[in-house]
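Reading through the structure tokens given below for one structure.
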Amino acid sequence: MSPENIAAEKKAIEALVMNSWKGYEAKDLAAVTRAYTPSGELLFFGTDSAEIIKSVGQWENQAKNDWELSQRVKFGAMKNVSTLVSGNGELGSIVCELPADMTIGGQQSHALFRYAGTVKKEKGEWRLVHGIVAIATVGQSSAEVVARMKAEKIAPARK
């Protein structure tokens, strides 16, 4: 693939992922699920250990449950994006962060979603086949925890 073709495929993968998030934001089930493979190769891990999604139908149920809990979700622009495309243009991956403002159970909050996905070309279109999403914590990095422990004179674990 030429550098121009690779750049175009990367943009298509990024648009696929962003359109899926925007569909989720709009509570548009078709927009969300159209991004995912119907081939049976789907594996997606959500933010809870029980959220293991292996089919478009399971994704539909997950989204519906999420939407029952949330009154509003508004995603910002993707940042810290890294997108790769295989040399033959049949596989790709994306890793990114996505800020979100949410209202869940009447409580407003802000979160930073971290997402990683694998895409595969199916009938000329990119489809998500694997993914994982996590919500980043704030103030819980190992450097911050060690600094607090030292300030409180608690000895970190040693070998």
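Residues in the structure tokens are named by chain (A, B, ... in the order shown) and by number from 1 within that chain; ligands are numbered from 1 in the order shown.
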I'd like the neighbourhood of A:Trp59 as a PyMOL selection string, where a residue qualifies if any of its atoms comes within 9 Å (using only C-alpha atoms), though same-chain residues fewer than 4 positions away should be ignored.
chain A and resi 32-33+36+44+53-55+63-64
Long-range neighbours of A:Phe113 as a PyMOL selection string, 6 Å cut-off, only C-alpha atoms, 6 positions minimum in chain:
chain A and resi 97-98+134-135
Show me, as a Markdown table, the residues of stretch 97-151 of chain A having an atom within 9 Å of stretch 73-83 of chain A, each with the closest atom pair and its distance in Å, using only C-alpha atoms.
| residue | atom | partner | partner_atom | distance |
| --- | --- | --- | --- | --- |
| A:Glu97 | CA | A:Lys79 | CA | 5.3 |
| A:Leu98 | CA | A:Met78 | CA | 4.8 |
| A:Pro99 | CA | A:Gly76 | CA | 5.2 |
| A:Ala100 | CA | A:Phe75 | CA | 4.3 |
| A:Asp101 | CA | A:Lys74 | CA | 5.2 |
| A:Met102 | CA | A:Val73 | CA | 4.4 |
| A:Thr103 | CA | A:Val73 | CA | 6.5 |
| A:Ile104 | CA | A:Val73 | CA | 8.5 |
A:Glu152, A:Glu60, A:Leu128, A:Val95 ranked by distance to A:Asp28, top pick (using only C-alpha atoms):
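For A:Asp28, the nearest of the given residues is A:Glu60.
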What is the atom CA of A:Lys123 to atom CA of A:Asn5 distance in Å?
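One can read the atom CA of A:Lys123 to atom CA of A:Asn5 distance as 17.4 Å.
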Distance criterion (only C-alpha atoms): nearest to A:Asn88 out of A:Ser2, A:Glu41, A:Val138, A:Ala26
A:Ser2
Find the residues around stretch 11-16 of chain A up to 8 Å (only C-alpha atoms counted), leave out those fewer than 6 positions away in its own chain, and share them as a VMD selection string.
chain A and resid 35 83 92 94 119 126 to 127
Would you list, as a ChimeraX atom specification, the residues of chain A that end up in alpha helix (DSSP H) under DSSP run on this structure's backbone?
/A:3-25,29-33,56-69,142-151
Output file for the residues above (N, CA and C atoms, as a compact mmCIF listing (two decimals), in the first residue's frame):
# COMPACT_ATOMS: atom_id res chain seq x y z
N PRO A 3 1.87 5.17 0.90
CA PRO A 3 1.68 5.99 2.12
C PRO A 3 0.34 6.73 2.12
N GLU A 4 -0.10 7.16 0.94
CA GLU A 4 -1.39 7.86 0.86
C GLU A 4 -2.55 6.92 1.18
N ASN A 5 -2.46 5.68 0.65
CA ASN A 5 -3.51 4.70 0.94
C ASN A 5 -3.54 4.35 2.42
N ILE A 6 -2.38 4.18 3.02
CA ILE A 6 -2.31 3.87 4.45
C ILE A 6 -2.92 5.01 5.26
N ALA A 7 -2.59 6.25 4.90
CA ALA A 7 -3.14 7.41 5.61
C ALA A 7 -4.66 7.44 5.49
N ALA A 8 -5.18 7.14 4.30
CA ALA A 8 -6.63 7.14 4.09
C ALA A 8 -7.30 6.03 4.91
N GLU A 9 -6.68 4.86 4.97
CA GLU A 9 -7.24 3.75 5.76
C GLU A 9 -7.23 4.08 7.25
N LYS A 10 -6.16 4.72 7.72
CA LYS A 10 -6.11 5.13 9.12
C LYS A 10 -7.25 6.08 9.45
N LYS A 11 -7.48 7.04 8.57
CA LYS A 11 -8.59 7.99 8.79
C LYS A 11 -9.93 7.27 8.79
N ALA A 12 -10.09 6.26 7.92
CA ALA A 12 -11.34 5.50 7.87
C ALA A 12 -11.55 4.72 9.17
N ILE A 13 -10.48 4.15 9.72
CA ILE A 13 -10.58 3.43 10.99
C ILE A 13 -10.95 4.39 12.11
N GLU A 14 -10.31 5.54 12.15
CA GLU A 14 -10.62 6.53 13.18
C GLU A 14 -12.06 7.01 13.07
N ALA A 15 -12.54 7.20 11.84
CA ALA A 15 -13.94 7.63 11.64
C ALA A 15 -14.91 6.53 12.09
N LEU A 16 -14.59 5.28 11.80
CA LEU A 16 -15.43 4.16 12.22
C LEU A 16 -15.59 4.17 13.74
N VAL A 17 -14.48 4.29 14.44
CA VAL A 17 -14.52 4.27 15.91
C VAL A 17 -15.28 5.49 16.43
N MET A 18 -14.98 6.66 15.91
CA MET A 18 -15.65 7.87 16.40
C MET A 18 -17.15 7.83 16.09
N ASN A 19 -17.52 7.32 14.92
CA ASN A 19 -18.94 7.21 14.58
C ASN A 19 -19.66 6.25 15.53
N SER A 20 -18.97 5.20 15.95
CA SER A 20 -19.55 4.27 16.91
C SER A 20 -19.78 4.97 18.26
N TRP A 21 -18.78 5.73 18.72
CA TRP A 21 -18.93 6.47 19.98
C TRP A 21 -20.04 7.52 19.87
N LYS A 22 -20.12 8.20 18.73
CA LYS A 22 -21.18 9.21 18.55
C LYS A 22 -22.56 8.55 18.50
N GLY A 23 -22.63 7.34 17.90
CA GLY A 23 -23.88 6.59 17.92
C GLY A 23 -24.29 6.23 19.34
N TYR A 24 -23.30 5.83 20.14
CA TYR A 24 -23.55 5.51 21.55
C TYR A 24 -24.08 6.74 22.27
N GLU A 25 -23.43 7.87 22.02
CA GLU A 25 -23.85 9.14 22.63
C GLU A 25 -25.30 9.47 22.28
N LEU A 29 -28.78 2.70 18.26
CA LEU A 29 -28.30 1.32 18.27
C LEU A 29 -27.71 0.90 16.92
N ALA A 30 -28.35 1.28 15.84
CA ALA A 30 -27.85 0.91 14.51
C ALA A 30 -26.47 1.50 14.24
N ALA A 31 -26.26 2.75 14.65
CA ALA A 31 -24.96 3.40 14.44
C ALA A 31 -23.86 2.72 15.25
N VAL A 32 -24.22 2.24 16.44
CA VAL A 32 -23.24 1.56 17.28
C VAL A 32 -22.89 0.20 16.68
N THR A 33 -23.90 -0.60 16.41
CA THR A 33 -23.65 -1.98 16.01
C THR A 33 -23.15 -2.12 14.59
N VAL A 56 -22.98 -9.30 18.09
CA VAL A 56 -23.66 -8.01 17.92
C VAL A 56 -24.89 -7.96 18.83
N GLY A 57 -25.58 -9.08 18.98
CA GLY A 57 -26.74 -9.12 19.87
C GLY A 57 -26.39 -8.81 21.31
N GLN A 58 -25.26 -9.34 21.78
CA GLN A 58 -24.80 -9.01 23.13
C GLN A 58 -24.43 -7.53 23.23
N TRP A 59 -23.85 -6.97 22.16
CA TRP A 59 -23.53 -5.55 22.16
C TRP A 59 -24.80 -4.72 22.26
N GLU A 60 -25.83 -5.14 21.53
CA GLU A 60 -27.12 -4.43 21.60
C GLU A 60 -27.66 -4.43 23.03
N ASN A 61 -27.61 -5.59 23.68
CA ASN A 61 -28.09 -5.68 25.07
C ASN A 61 -27.25 -4.80 26.00
N GLN A 62 -25.94 -4.81 25.82
CA GLN A 62 -25.05 -3.99 26.64
C GLN A 62 -25.40 -2.51 26.49
N ALA A 63 -25.55 -2.07 25.26
CA ALA A 63 -25.87 -0.66 25.01
C ALA A 63 -27.21 -0.29 25.64
N LYS A 64 -28.20 -1.14 25.46
CA LYS A 64 -29.53 -0.86 26.03
C LYS A 64 -29.45 -0.75 27.55
N ASN A 65 -28.70 -1.65 28.19
CA ASN A 65 -28.55 -1.57 29.65
C ASN A 65 -27.83 -0.29 30.06
N ASP A 66 -26.76 0.05 29.35
CA ASP A 66 -26.04 1.30 29.64
C ASP A 66 -26.98 2.50 29.52
N TRP A 67 -27.79 2.51 28.48
CA TRP A 67 -28.67 3.65 28.24
C TRP A 67 -29.78 3.75 29.26
N GLU A 68 -30.18 2.64 29.86
CA GLU A 68 -31.17 2.71 30.95
C GLU A 68 -30.60 3.44 32.15
N LEU A 69 -29.29 3.30 32.36
CA LEU A 69 -28.63 3.93 33.51
C LEU A 69 -28.28 5.39 33.26
N SER A 142 1.15 4.59 39.85
CA SER A 142 2.11 4.05 40.83
C SER A 142 3.01 5.16 41.36
N ALA A 143 3.40 6.12 40.50
CA ALA A 143 4.25 7.22 40.96
C ALA A 143 3.54 8.04 42.04
N GLU A 144 2.24 8.30 41.84
CA GLU A 144 1.50 9.09 42.83
C GLU A 144 1.29 8.32 44.13
N VAL A 145 1.01 7.03 44.03
CA VAL A 145 0.81 6.22 45.23
C VAL A 145 2.12 6.12 46.02
N VAL A 146 3.24 5.87 45.33
CA VAL A 146 4.54 5.79 46.01
C VAL A 146 4.87 7.12 46.68
N ALA A 147 4.63 8.24 46.00
CA ALA A 147 4.90 9.55 46.59
C ALA A 147 4.08 9.76 47.86
N ARG A 148 2.80 9.35 47.83
CA ARG A 148 1.97 9.48 49.04
C ARG A 148 2.48 8.58 50.15
N MET A 149 2.88 7.37 49.79
CA MET A 149 3.41 6.44 50.80
C MET A 149 4.67 7.01 51.45
N LYS A 150 5.55 7.59 50.64
CA LYS A 150 6.78 8.18 51.17
C LYS A 150 6.45 9.36 52.06
N ALA A 151 5.49 10.17 51.64
CA ALA A 151 5.09 11.32 52.45
C ALA A 151 4.50 10.87 53.78
Based on the backbone DSSP call, show me all residues of chain A assigned strand (DSSP E or B), as JSON, numbers by chain.
{"A": [36, 43, 44, 45, 52, 53, 70, 71, 72, 73, 74, 75, 79, 80, 81, 82, 83, 84, 85, 91, 92, 93, 94, 95, 96, 97, 98, 99, 100, 101, 102, 103, 104, 107, 108, 109, 110, 111, 112, 113, 114, 115, 116, 117, 118, 119, 120, 121, 122, 125, 126, 127, 128, 129, 130, 131, 132, 133, 134, 135]}
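Between A:Arg72 and the candidates A:Ala116, A:Ile52, A:Ser93, A:Gly106, the tightest atom-to-atom separation, counting only C-alpha atoms, involves A:Gly106.
We find atom CA of A:Cys96 and atom CA of A:Gly124 to be spaced 23.7 Å apart.
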Selected residue of minimal separation from A:Leu42 among A:Ala136, A:Val129, A:Leu91, A:Val85, counting only C-alpha atoms
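The shortest atom-to-atom distance to A:Leu42 comes from A:Val129.
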